[in-house]
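Peer 1: What follows is a single structure, and I will ask about it in a moment.
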Amino acid sequence: MAYLLQGPCQIRLHKFPKNKIGDRLRSFVPSWFDDFDWLEYSVKNKKAYCLYCYVCGDLMGQKGGRDAFVSQGFDTWNKKNTFRTHVGSVDSFHNKAREKCNFLLREKQAINVVLRRQTEAEDHKYKARLRVSIIVVRLLLKTGLPFRGNDESVNSENRGLYIEVLKAIRDTSEDIFNNTLENVPKNNQLICPKIQKELVQCFAQEVLLSIRQEIGQDVFALLVDESSDVSKKEQMAIVLRYVDNLGFVKEIFIGVVHVGVVHVKDTSSLTLKTP
């Protein structure tokens, strides 16, 4: 690429040496540079070469006069038509080498650059979509509302609070609208139950980290109360009680243990942090 950016070596003020060809002395003619932009002249070797075939000729194979204009050089100055013969037709060796050189110079259109640009754009869209999902999860957790609905299909009138709140938020911004739900691939909508649980777990980890930082090395207490519900199944409520760094007593309702499952009811007294 650096060689191509410099362009062909076209020295016009040089005193070109003459060779005896037949019965006449002939030399390189500088005006040939105007007719053939790929042509370059080597002062050391006293021969002419093809810039494009020299750079990308190895990718094209050994044909089309490659040796004459790359490795051996051209010095038969009485045969100017050889330059046109070397250029040849559209699919000639020279034109294919020139095409590859042009692709090399157009770095912004290279496959790896285009893929990287697309990846960065998709990553930006994913993060924007994730931020909206985090806002919805934080709202539902702070208010203690359920996430799921009985019918979450596209034609359902009520798809559950998670999706319905997401639909309400997306209507406030065209950018969010174009980057959520049906406007994105189905495998990247961030609405499936597994994704919802993972987001809740992220919040739970942040809540536990916040509690541990507030408690520090001090003691804390767990208040446990067991009772039976209307179905005669035992359930156990757990409350965490501790003194924070500022000396305030805090009681946080952790949840209800019912048949081995913890249902988080209220975390409004905590400062929830975005994961």
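Residue numbering restarts at 1 for every chain of the structure tokens, chains are lettered A, B, ... in their displayed order, and ligands are numbered from 1 as they appear.
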Residues at most 10 Å from Val55 (chain A), counting only C-alpha atoms, excluding those fewer than 2 positions away in the same chain, as a ChimeraX atom specification?
Peer 2: /A:1,3-4,50-53,57-59,70,97-98,100-101
Peer 1: At what distance in Å, to one decimal, does CA of Lys125 (chain A) lie from CA of Val184 (chain A)?
Peer 2: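 That distance, rounded to one decimal, is 9.6 Å.
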Peer 1: Which parts of region 13-159 of chain A does DSSP call helix (DSSP H, G or I) when run on the backbone here, written out as an NGL selection string?
Peer 2: :A and (32-35 or 51-59 or 66-69 or 81-87 or 93-105 or 107-109 or 111-143)
Peer 1: Have a look at CA of Val154 (chain A) and CA of Val136 (chain A) and let me know their distance in Å, one decimal.
Peer 2: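 Taking CA of Val154 (chain A) as the start and CA of Val136 (chain A) as the end point, the length is 18.8 Å.
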Peer 1: Using only C-alpha atoms, which protein or nucleic acid residues come within 12 Å of Asn188 (chain A)? Drop anything in the same chain fewer than 4 positions from it, and give the result as a list in words.
Peer 2: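 Counting only the stated atoms, we get Glu122, Asp123, Lys125, Tyr126, Lys127, Arg129, Leu130, Ser133, Asn179, Thr180, Leu181, Glu182, Asn183, Val184, Cys192 and Ile195 of chain A.
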Peer 1: Dump C-alpha atoms for the selected residues as an mmCIF file, in the first residue's frame?
Peer 2:
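File produced: selection.cif:
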```
data_model
loop_
_atom_site.group_PDB
_atom_site.id
_atom_site.type_symbol
_atom_site.label_atom_id
_atom_site.label_comp_id
_atom_site.auth_asym_id
_atom_site.auth_seq_id
_atom_site.Cartn_x
_atom_site.Cartn_y
_atom_site.Cartn_z
ATOM 1 C CA GLU A 122 -24.655 -3.669 16.028
ATOM 2 C CA ASP A 123 -22.889 -3.427 19.384
ATOM 3 C CA LYS A 125 -27.709 -0.901 18.992
ATOM 4 C CA TYR A 126 -27.503 -3.833 21.413
ATOM 5 C CA LYS A 127 -26.304 -1.626 24.266
ATOM 6 C CA ARG A 129 -31.639 -1.986 23.632
ATOM 7 C CA LEU A 130 -30.122 -3.351 26.841
ATOM 8 C CA SER A 133 -34.565 -3.389 29.235
ATOM 9 C CA ASN A 179 -34.272 -0.811 17.880
ATOM 10 C CA THR A 180 -36.684 -2.936 19.942
ATOM 11 C CA LEU A 181 -39.195 -5.781 19.659
ATOM 12 C CA GLU A 182 -40.308 -6.603 16.087
ATOM 13 C CA ASN A 183 -37.772 -4.207 14.531
ATOM 14 C CA VAL A 184 -34.806 -6.358 15.595
ATOM 15 C CA CYS A 192 -37.516 -14.038 26.573
ATOM 16 C CA ILE A 195 -33.118 -12.939 29.594
#
```
Peer 1: CA of Val243 (chain A) to CA of Gly216 (chain A): how many Å, to one decimal?
Peer 2: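 CA of Gly216 (chain A) lies at a distance of 9.8 Å from CA of Val243 (chain A).
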